[in-house]
Structures are given as C-alpha cells and as structure tokens.
Amino acid sequence: MGSDDSSSCGAFRAFVVDFHVFMVIELTIDKIVYGGDGIGQYNGIKVFVPFSAPQDRLLVSITDKKKDYYIGRIREIIEPSPLRRNPPCIYFYSCGGCTFQHLTYDAQLVMKKLITNDTLQRVGKIFIPASNPARALSEWHYRNKTQYPLAPPMKIGYFRSKTHQVIDIEKCLLHPEPFDQIRGFIKNIINESQETIYNEINHEGNLRHIIIRKGINTGEYILILVTKSNQLRPFAYNQLSQIFPDIVGIVQNINPAMTNRILGDKFQCLYGRDFYYEKVLNKKFKVSAESFFQVNTAQTENIAKLIKKFLAPQGTEHVLDLFCGVGTFSIILAEFVTKVTGIEISPTAVADAKENLKLNAVKNVEFFCDTAEQGVKKFNRIDSVILDPPRKGCSNELIQSVAGLKPQRIVYISCNPATLARDLAIFDHLGFEATEIDLVDLFPQTYHIEAVANLVPKA
C-alpha cells in the first residue's frame with residue numbers, strides 16, 4: 001500500500017490501543033452488514049470489523065468474544081479491497097457520525113442495495129429486489145441540520161463511535177461549510193461569556209447542545225441553544241447577526257432532565273424568529289425549531305416524486321398522510337388529488353403544516369394533531385395512504401387499521417430496512433403486496449438507507 005494507506009493503517013493501530021486483545025487473526029471480509037461493520041468468518045465464527053470493506057484481507061485484533069460471534073478491530077490492512085479509498089475527513093476513525101467514508105461512493109450505493117435486499121429477504125421473506133439507490137446530488141455538504149453535543153472544559157463536536165465521549169470537531173464534510181464558521185464563532189462567544197458547559201456524568205453545567213438548521217433553497221439559518229436551566233449568560237446576538245446575516249433566529253431550548261434526549265419541552269425565542277423557511281419542488285414550507293424535516297432537502301424532492309409515481313393519482317383520490325410532519329408531501333401532492341388529510345403527533349409541526357397551507361394557497365388539505373393509531377380511526381375507507389414512520393416502524397395496530405381501510409395504494413417510506421421488512425411482511429399477510437421498492441440515498445458516508453415501497457392489494 002502507498003504512504004497514504006499506510007497512514008490509514010497507523011490510524012487503525014492507534015484505534016485498538018485502548019481495547020483488550022484476546023488474539024490476532026487473519027481475516028477476509030465477505031460483506032458489509034446494516035450498521036456499517038464488515039463481516040468475515042474465522043473457524044466458522046462470524047467476526048464483525050468496523051471500517052472494513054468487502055474483499056479486504058486483514059490482520060484483526062479480537063477485542064470481544066460473544067457466544068456466537070467475535071468483535072474485532074483492524075490491526076493491519078494486508079491487502080485492501082478495490083472498493084476502498086482514503087477517507088477525506090481527519091476525524092473519521094474516531095467520530096461516530098460517518099461509517100462509510102473509507103468506501104468509494106459507488107461502493108456505498110452497492111452496499112446499501114445489498115444490505116436492504118438481504119434484510120428484506122431474511123427478516124420479512126420479501127423477495128422484491130430493491131432498486132439501485134438514487135444518487136445524492138452531492139455526497140458531501142448535504143445535511144441541512146447539525147446537532148453538536150458539548151462537553152467540558154470546552155468541546156463542541158460529535159460523540160465518539162458508540163460512546164458519549166465528545167470529540168472537538170472544527171470541520172465536518174457532511175453539512176454546509178458555514179456551519180463550521182458559525183460553530184467556531186459560537187465557541188469564542190461561549191468562552192467570552194464564561195457560560196458553563198453541561199457535564200452529563202454529574203448533571204452539572206448549563207449549555208448542552210448547539211443545533212444549526214438551514215433552509216438549503218432559501219439560505220435561512222436558525223440556531224438552537226439547548227440549556228439545562230432557563231438562564232443563559234449574555235450572548236452576542238448582534239455580533240452573530242452582523243457576521244452571519246442569514247441567521248434569522250436564535251432559540252433557546254430548556255432541557256433540565258438527566259437524559260440522553262437532546263431537546264426538552266420548553267422553547268423561547270432569543271433573537272429574530274423561531275422558524276426558518278425551506279422550499280421543496282417550488283413549494284414553501286415554514287419549519288419551526290422543534291419540527292422534524294428531512295435532513296437532505298435535495299433527496300426529499302426525489303422522495304416526493306416517488307410518492308407521486310407510486311400513488312399514480314387520477315385526480316379523484318382522498319389520500320391519508322400519516323406521520324405528515326410539516327405537511328411537505330401532503331402539500332406537494334394536493335394539486336393532483338381531490339383531498340389530502342395529514343395526521344401528525346407534534347402540535348408544533350401541525351401548526352407549521354396549517355401555516356404552510358396558507359403559504360402555498362392550498363385548499364384541499366386538512367391536518368390533525370393525533371397519533372397515527374388514533375387518527376386513522378376517523379376513517380372507514382380511504383383511496384391511498386402515505387406512511388412515513390420513525391425508525392421503529394409502524395405498530396401492529398396501525399398496520400391492521402390501515403389495511404382495514406382497503407386503500408388501492410400504500411406508499412411506505414422507511415429509514416430502517418429491518419422494520420420495513422417486518423412491516424411489509426405483516427401487510428403481505430393482510431393482503432397487500434410490495435410491487436416495487438426504490439432506494440434513495442439521503443445519507444451518504446453513513447450506513448443509513450431510505451426506502452420507498454409501493455404496496456397494492458393482492459389480486
């Protein structure tokens with residue numbers, strides 16, 4: 001290997017220093033599994049190895065032995081996979097934000113397709129092959145939101161992989177470059193103000209997280225400062241707004257609980273407004289500080305197009321949009337159907353969604369604040385359903401209720417192939433089969449996979 005690759009091996013050696021090593025083995029990696037680890041076989045035992053690639057031949061330090069498998073760390077790359085590249089980020093092997101930077105982007109897309117198909121078949125006995133993932137417009141600088149944890153004495157960055165140890169990170173390649181500049185300026189402000197930094201071990205200190213959100217197509221930014229108490233030392237709002245005029249608001253979130261949850265329930269606007277605007281397919285959306293919005297705006301447009309393709313609207317349908325957020329897909333779809341009803345559990349998101357109806361002069365959409373399980377009970381029959389649940393997927397109760405509405409089309413958007421496979425199997429048992437599963441790469445450099453499945457009643 002060349003000098004660059006040798007330095008990568010050095011990084012791996014440094015990475016295993018803190019681990020107890022049971023033994024060192026030679027291992028060839030067969031494939032990548034969900035979560036990002038490579039896997040190989042040693043004397044019939046599966047060995048999971050982070051930062052490995054298919055066809056790697058490695059020396060691996062076994063750091064943990066389980067009953068049915070081992071966990072290892074790369075000690076040396078004997079023969080690298082042709083799918084490898086040198087990760088451009090200097091924090092890659094320590095930061096927990098990325099898992100695939102050591103793979104070429106084409107290889108990442110292949111891995112995501114293989115992982116999805118393997119999971120669908122193994123977990124759900126679903127044998128409809130997923131499509132090649134829709135490539136991201138850019139594999140870098142695509143995120144519209146970053147959440148920085150803080151740690152004393154003065155670290156602002158990301159958690160080390162599989163820990164809550166904060167690594168101070170000055171530059172991240174996944175979000176827009178101005179995020180790094182804003183982070184650096186805020187770090188100086190914090191030092192000048194002598195604001196205390198939260199320590200999650202002893203539950204002392206005040207400033208816990210800094211969140212930056214951007215409307216990619218509008219250029220608007222908002223900042224969210226998450227604190228333990230209601231108090232916050234004087235903050236240089238004017239300086240921030242002068243240096244970064246696209247910052248339209250600074251919001252404080254108060255989270256007094258001893259918890260891993262990032263946000264608390266209370267928000268207060270410190271400067272400007274507590275929301276920003278974004279545009280998707282020429283529709284304008286208000287997004288409040290606490291409202292969910294997909295982190296990859298460009299790929300959200302691709303998902304919206306897939307939803308329309310799968311629903312194949314004829315202009316007469318009543319569509320039920322469950323987990324509708326700020327109404328993105330409901331409003332985009334509205335002009336092609338008779339009516340859309342959106343259900344969302346977050347009151348703030350529902351308030352945003354209703355405001356977004358006015359922004360886009362949409363008259364044939366209604367939004368209700370409720371759980372998906374309760375909201376679906378308002379209907380006896382529906383033409384089409386959009387499901388966009390969180391990572392845990394849909395409850396069995398919800399799937400039963402959706403199937404009971406006898407829709408002609410169901411579009412299921414998933415960020416977790418395991419829960420997608422489970423839920424598609426339940427739908428299949430209830431008479432709805434997946435006819436197409438398209439992948440969209442919302443999260444380059446990570447193992448995360450977004451899938452959009454088309455379900456129809458069985459013939």
# chains A, B, ... in the order shown; residues from 1 in each chain; ligands from 1

$ residues_around --residues "segment 417-425 of chain A" --least-positions-apart "3" --cutoff "9 Å" --atoms "only C-alpha atoms" --output "number ranges by chain"
A: 34, 115-117, 119-126, 391-396, 399, 412-414, 428-430, 432-434, 449-451, 453, 455

$ select_by_dssp --residues "segment 161-356 of chain A" --states "helix (DSSP H, G or I)" --output "number ranges by chain"
A: 177-193, 237-243, 297-311, 328-336, 347-356

$ write_last_selection --atoms "C-alpha atoms" --output "CSV table (one decimal), in the first residue's frame"
chain,number,residue,atom,x,y,z
A,177,GLU,CA,-19.3,24.9,5.2
A,178,PRO,CA,-20.8,28.0,7.0
A,179,PHE,CA,-21.9,25.6,9.8
A,180,ASP,CA,-18.2,25.3,10.7
A,181,GLN,CA,-17.7,29.0,10.8
A,182,ILE,CA,-20.8,29.5,12.9
A,183,ARG,CA,-19.6,26.8,15.3
A,184,GLY,CA,-16.2,28.4,15.7
A,185,PHE,CA,-17.7,31.9,16.3
A,186,ILE,CA,-20.1,30.5,18.9
A,187,LYS,CA,-17.2,28.7,20.7
A,188,ASN,CA,-15.4,32.1,21.1
A,189,ILE,CA,-18.6,33.7,22.3
A,190,ILE,CA,-19.1,30.9,24.9
A,191,ASN,CA,-15.5,31.4,26.2
A,192,GLU,CA,-16.0,35.2,26.4
A,193,SER,CA,-19.4,34.9,28.2
A,237,TYR,CA,-26.7,38.0,19.2
A,238,ASN,CA,-25.9,41.3,17.4
A,239,GLN,CA,-22.4,40.1,16.5
A,240,LEU,CA,-23.8,36.8,15.2
A,241,SER,CA,-26.4,38.5,13.0
A,242,GLN,CA,-23.9,41.0,11.7
A,243,ILE,CA,-21.3,38.4,10.8
A,297,THR,CA,-33.5,18.7,1.0
A,298,ALA,CA,-32.5,17.6,-2.5
A,299,GLN,CA,-33.3,14.0,-1.9
A,300,THR,CA,-36.6,14.9,-0.2
A,301,GLU,CA,-37.6,16.2,-3.6
A,302,ASN,CA,-36.8,12.7,-5.1
A,303,ILE,CA,-38.9,11.0,-2.4
A,304,ALA,CA,-41.8,13.4,-3.2
A,305,LYS,CA,-41.6,12.4,-6.9
A,306,LEU,CA,-41.5,8.7,-6.0
A,307,ILE,CA,-44.7,9.1,-3.9
A,308,LYS,CA,-46.5,10.7,-6.8
A,309,LYS,CA,-45.3,8.0,-9.1
A,310,PHE,CA,-46.4,5.2,-6.9
A,311,LEU,CA,-49.8,6.7,-6.0
A,328,THR,CA,-44.3,18.5,2.9
A,329,PHE,CA,-45.7,15.5,1.0
A,330,SER,CA,-49.4,16.4,1.6
A,331,ILE,CA,-49.0,19.9,0.1
A,332,ILE,CA,-46.8,18.7,-2.9
A,333,LEU,CA,-49.4,16.1,-3.7
A,334,ALA,CA,-52.5,18.2,-3.2
A,335,GLU,CA,-52.8,19.6,-6.7
A,336,PHE,CA,-53.0,16.0,-8.2
A,347,PRO,CA,-48.5,20.1,17.8
A,348,THR,CA,-45.8,22.4,16.6
A,349,ALA,CA,-45.4,20.5,13.3
A,350,VAL,CA,-49.2,20.6,12.8
A,351,ALA,CA,-49.2,24.3,13.4
A,352,ASP,CA,-46.5,24.7,10.8
A,353,ALA,CA,-48.4,22.5,8.4
A,354,LYS,CA,-51.5,24.6,8.7
A,355,GLU,CA,-49.4,27.7,8.1
A,356,ASN,CA,-47.9,26.0,5.1

$ closest_atom_pairs --of "segment 383-412 of chain A" --to "segment 359-374 of chain A" --cutoff "8 Å" --atoms "only C-alpha atoms" --output "Markdown table"
| residue | atom | partner | partner_atom | distance |
| --- | --- | --- | --- | --- |
| A:Glu397 | CA | A:Glu373 | CA | 6.8 |
| A:Leu398 | CA | A:Glu373 | CA | 5.1 |
| A:Ser401 | CA | A:Glu373 | CA | 7.6 |

$ residues_around --residues "Gly219 of chain A" --least-positions-apart "6" --cutoff "12 Å" --atoms "only C-alpha atoms" --output "list in words"
Asn144, Pro176, Pro178, Arg213, Phe244, Pro245, Asp246, Ile247, Val248, Tyr276, Tyr277, Glu278 and Lys279 of chain A

$ write_last_selection --atoms "N, CA and C atoms" --output "mmCIF file, in the first residue's frame"
data_model
loop_
_atom_site.group_PDB
_atom_site.id
_atom_site.type_symbol
_atom_site.label_atom_id
_atom_site.label_comp_id
_atom_site.auth_asym_id
_atom_site.auth_seq_id
_atom_site.Cartn_x
_atom_site.Cartn_y
_atom_site.Cartn_z
ATOM 1 N N ASN A 144 -28.928 19.565 6.114
ATOM 2 C CA ASN A 144 -29.483 20.885 6.439
ATOM 3 C C ASN A 144 -29.615 21.092 7.946
ATOM 4 N N PRO A 176 -23.210 22.120 5.330
ATOM 5 C CA PRO A 176 -22.670 23.278 4.624
ATOM 6 C C PRO A 176 -21.487 23.900 5.367
ATOM 7 N N PRO A 178 -20.571 26.942 6.009
ATOM 8 C CA PRO A 178 -20.827 27.992 7.004
ATOM 9 C C PRO A 178 -21.151 27.449 8.404
ATOM 10 N N ARG A 213 -29.694 24.804 11.859
ATOM 11 C CA ARG A 213 -30.583 24.342 10.790
ATOM 12 C C ARG A 213 -30.564 25.359 9.649
ATOM 13 N N PHE A 244 -23.103 36.852 10.350
ATOM 14 C CA PHE A 244 -23.859 35.855 9.587
ATOM 15 C C PHE A 244 -25.278 36.384 9.374
ATOM 16 N N PRO A 245 -25.465 37.280 8.418
ATOM 17 C CA PRO A 245 -26.776 37.935 8.243
ATOM 18 C C PRO A 245 -27.892 36.982 7.832
ATOM 19 N N ASP A 246 -27.547 35.773 7.394
ATOM 20 C CA ASP A 246 -28.590 34.811 7.018
ATOM 21 C C ASP A 246 -29.187 34.088 8.219
ATOM 22 N N ILE A 247 -28.636 34.333 9.417
ATOM 23 C CA ILE A 247 -29.252 33.774 10.627
ATOM 24 C C ILE A 247 -30.499 34.593 10.943
ATOM 25 N N VAL A 248 -31.656 33.944 10.828
ATOM 26 C CA VAL A 248 -32.922 34.666 11.010
ATOM 27 C C VAL A 248 -33.486 34.503 12.420
ATOM 28 N N TYR A 276 -37.597 28.801 10.290
ATOM 29 C CA TYR A 276 -37.000 29.222 9.026
ATOM 30 C C TYR A 276 -37.882 28.710 7.905
ATOM 31 N N TYR A 277 -37.625 29.179 6.705
ATOM 32 C CA TYR A 277 -38.370 28.715 5.536
ATOM 33 C C TYR A 277 -37.479 27.822 4.669
ATOM 34 N N GLU A 278 -38.104 26.828 4.073
ATOM 35 C CA GLU A 278 -37.437 25.980 3.093
ATOM 36 C C GLU A 278 -38.356 25.827 1.887
ATOM 37 N N LYS A 279 -37.780 25.509 0.740
ATOM 38 C CA LYS A 279 -38.561 25.257 -0.469
ATOM 39 C C LYS A 279 -38.266 23.856 -0.979
#

$ select_by_dssp --residues "segment 9-150 of chain A" --states "strand (DSSP E)" --output "tab-separated table (two decimals) with C-alpha atoms, in the first residue's frame"
chain	number	residue	atom	x	y	z
A	23	MET	CA	-5.96	-12.73	19.89
A	24	VAL	CA	-4.90	-11.54	16.44
A	25	ILE	CA	-6.24	-13.33	13.36
A	26	GLU	CA	-6.07	-13.02	9.60
A	27	LEU	CA	-9.50	-12.40	8.10
A	28	THR	CA	-11.07	-11.76	4.70
A	31	LYS	CA	-19.74	-8.29	3.13
A	32	ILE	CA	-20.99	-5.21	4.97
A	38	GLY	CA	-17.76	-5.69	7.74
A	39	ILE	CA	-18.15	-9.37	8.49
A	40	GLY	CA	-15.92	-12.37	7.86
A	41	GLN	CA	-15.65	-15.98	9.04
A	42	TYR	CA	-12.95	-17.38	11.35
A	45	ILE	CA	-17.43	-17.95	13.76
A	46	LYS	CA	-18.65	-14.60	12.43
A	47	VAL	CA	-16.30	-11.69	13.10
A	48	PHE	CA	-17.60	-8.09	12.93
A	49	VAL	CA	-15.00	-5.47	11.99
A	57	ARG	CA	-7.58	-9.13	3.72
A	58	LEU	CA	-6.77	-8.00	7.24
A	59	LEU	CA	-4.96	-8.67	10.47
A	60	VAL	CA	-7.69	-8.24	13.06
A	61	SER	CA	-7.39	-7.86	16.83
A	62	ILE	CA	-10.27	-9.66	18.53
A	63	THR	CA	-11.43	-7.32	21.28
A	64	ASP	CA	-14.63	-9.04	22.38
A	65	LYS	CA	-15.85	-12.63	22.30
A	69	TYR	CA	-19.60	-14.12	17.21
A	70	TYR	CA	-16.47	-12.04	17.76
A	71	ILE	CA	-15.87	-8.28	17.52
A	72	GLY	CA	-12.58	-7.13	16.07
A	73	ARG	CA	-10.58	-4.04	15.18
A	74	ILE	CA	-8.30	-3.66	12.16
A	75	ARG	CA	-4.68	-4.06	13.14
A	76	GLU	CA	-3.27	-4.06	9.62
A	77	ILE	CA	-4.61	-4.00	6.08
A	78	ILE	CA	-2.69	-6.81	4.34
A	79	GLU	CA	-4.46	-6.43	1.03
A	145	LYS	CA	-29.23	20.22	10.19
A	146	THR	CA	-26.38	19.53	12.62
A	147	GLN	CA	-26.63	18.77	16.34
A	148	TYR	CA	-23.43	19.42	18.30
A	149	PRO	CA	-23.13	17.98	21.81
A	150	LEU	CA	-20.89	19.94	24.19

$ closest_residue --among "A:Asp56, A:Glu139, A:Glu344, A:Asp383" --to "Phe443 of chain A" --atoms "only C-alpha atoms"
A:Glu139

$ residues_around --residues "Gly264 of chain A" --least-positions-apart "6" --cutoff "7 Å" --atoms "only C-alpha atoms" --output "JSON, numbers by chain"
{"A": [253, 254, 255]}

$ write_last_selection --atoms "N, CA and C atoms" --output "short mmCIF file (atom, residue, chain, number, x, y, z; two decimals), in the first residue's frame"
data_model
loop_
_atom_site.label_atom_id
_atom_site.label_comp_id
_atom_site.auth_asym_id
_atom_site.auth_seq_id
_atom_site.Cartn_x
_atom_site.Cartn_y
_atom_site.Cartn_z
N ASN A 253 -33.67 26.26 23.96
CA ASN A 253 -34.48 25.13 24.42
C ASN A 253 -34.00 24.74 25.80
N ILE A 254 -34.93 24.53 26.72
CA ILE A 254 -34.57 24.19 28.09
C ILE A 254 -34.84 22.71 28.33
N ASN A 255 -33.80 21.98 28.67
CA ASN A 255 -33.91 20.55 28.95
C ASN A 255 -33.24 20.27 30.30
#

$ residues_around --residues "Leu387 of chain A" --least-positions-apart "2" --cutoff "8 Å" --atoms "only C-alpha atoms" --output "PDB file with N, CA and C atoms, in the first residue's frame"
ATOM      1  N   ASP A 321     -52.207  10.943   4.812  1.00  0.00           N
ATOM      2  CA  ASP A 321     -50.763  11.095   5.006  1.00  0.00           C
ATOM      3  C   ASP A 321     -50.465  10.979   6.497  1.00  0.00           C
ATOM      4  N   LEU A 322     -49.955   9.814   6.901  1.00  0.00           N
ATOM      5  CA  LEU A 322     -49.672   9.550   8.315  1.00  0.00           C
ATOM      6  C   LEU A 322     -48.211   9.872   8.633  1.00  0.00           C
ATOM      7  N   PHE A 323     -47.981  10.466   9.820  1.00  0.00           N
ATOM      8  CA  PHE A 323     -46.672  10.995  10.211  1.00  0.00           C
ATOM      9  C   PHE A 323     -46.270  12.106   9.226  1.00  0.00           C
ATOM     10  N   VAL A 385     -52.776   5.731   0.974  1.00  0.00           N
ATOM     11  CA  VAL A 385     -52.156   6.045   2.269  1.00  0.00           C
ATOM     12  C   VAL A 385     -50.661   6.251   2.074  1.00  0.00           C
ATOM     13  N   PRO A 389     -43.157   6.518   8.946  1.00  0.00           N
ATOM     14  CA  PRO A 389     -42.978   6.372  10.394  1.00  0.00           C
ATOM     15  C   PRO A 389     -41.531   6.618  10.815  1.00  0.00           C
ATOM     16  N   ILE A 410     -50.677   1.989  -1.096  1.00  0.00           N
ATOM     17  CA  ILE A 410     -49.990   2.384   0.132  1.00  0.00           C
ATOM     18  C   ILE A 410     -48.537   2.668  -0.243  1.00  0.00           C
ATOM     19  N   VAL A 411     -48.048   3.829   0.120  1.00  0.00           N
ATOM     20  CA  VAL A 411     -46.633   4.143  -0.054  1.00  0.00           C
ATOM     21  C   VAL A 411     -45.993   4.198   1.329  1.00  0.00           C
ATOM     22  N   TYR A 412     -44.987   3.360   1.538  1.00  0.00           N
ATOM     23  CA  TYR A 412     -44.319   3.245   2.839  1.00  0.00           C
ATOM     24  C   TYR A 412     -42.889   3.778   2.685  1.00  0.00           C
ATOM     25  N   ILE A 413     -42.580   4.838   3.439  1.00  0.00           N
ATOM     26  CA  ILE A 413     -41.243   5.441   3.427  1.00  0.00           C
ATOM     27  C   ILE A 413     -40.525   4.998   4.698  1.00  0.00           C
TER      28      ILE A 413
END

$ closest_residue --among "A:Val280, A:Val251, A:Ala151, A:Met258" --to "Ile216 of chain A" --atoms "only C-alpha atoms"
A:Val280
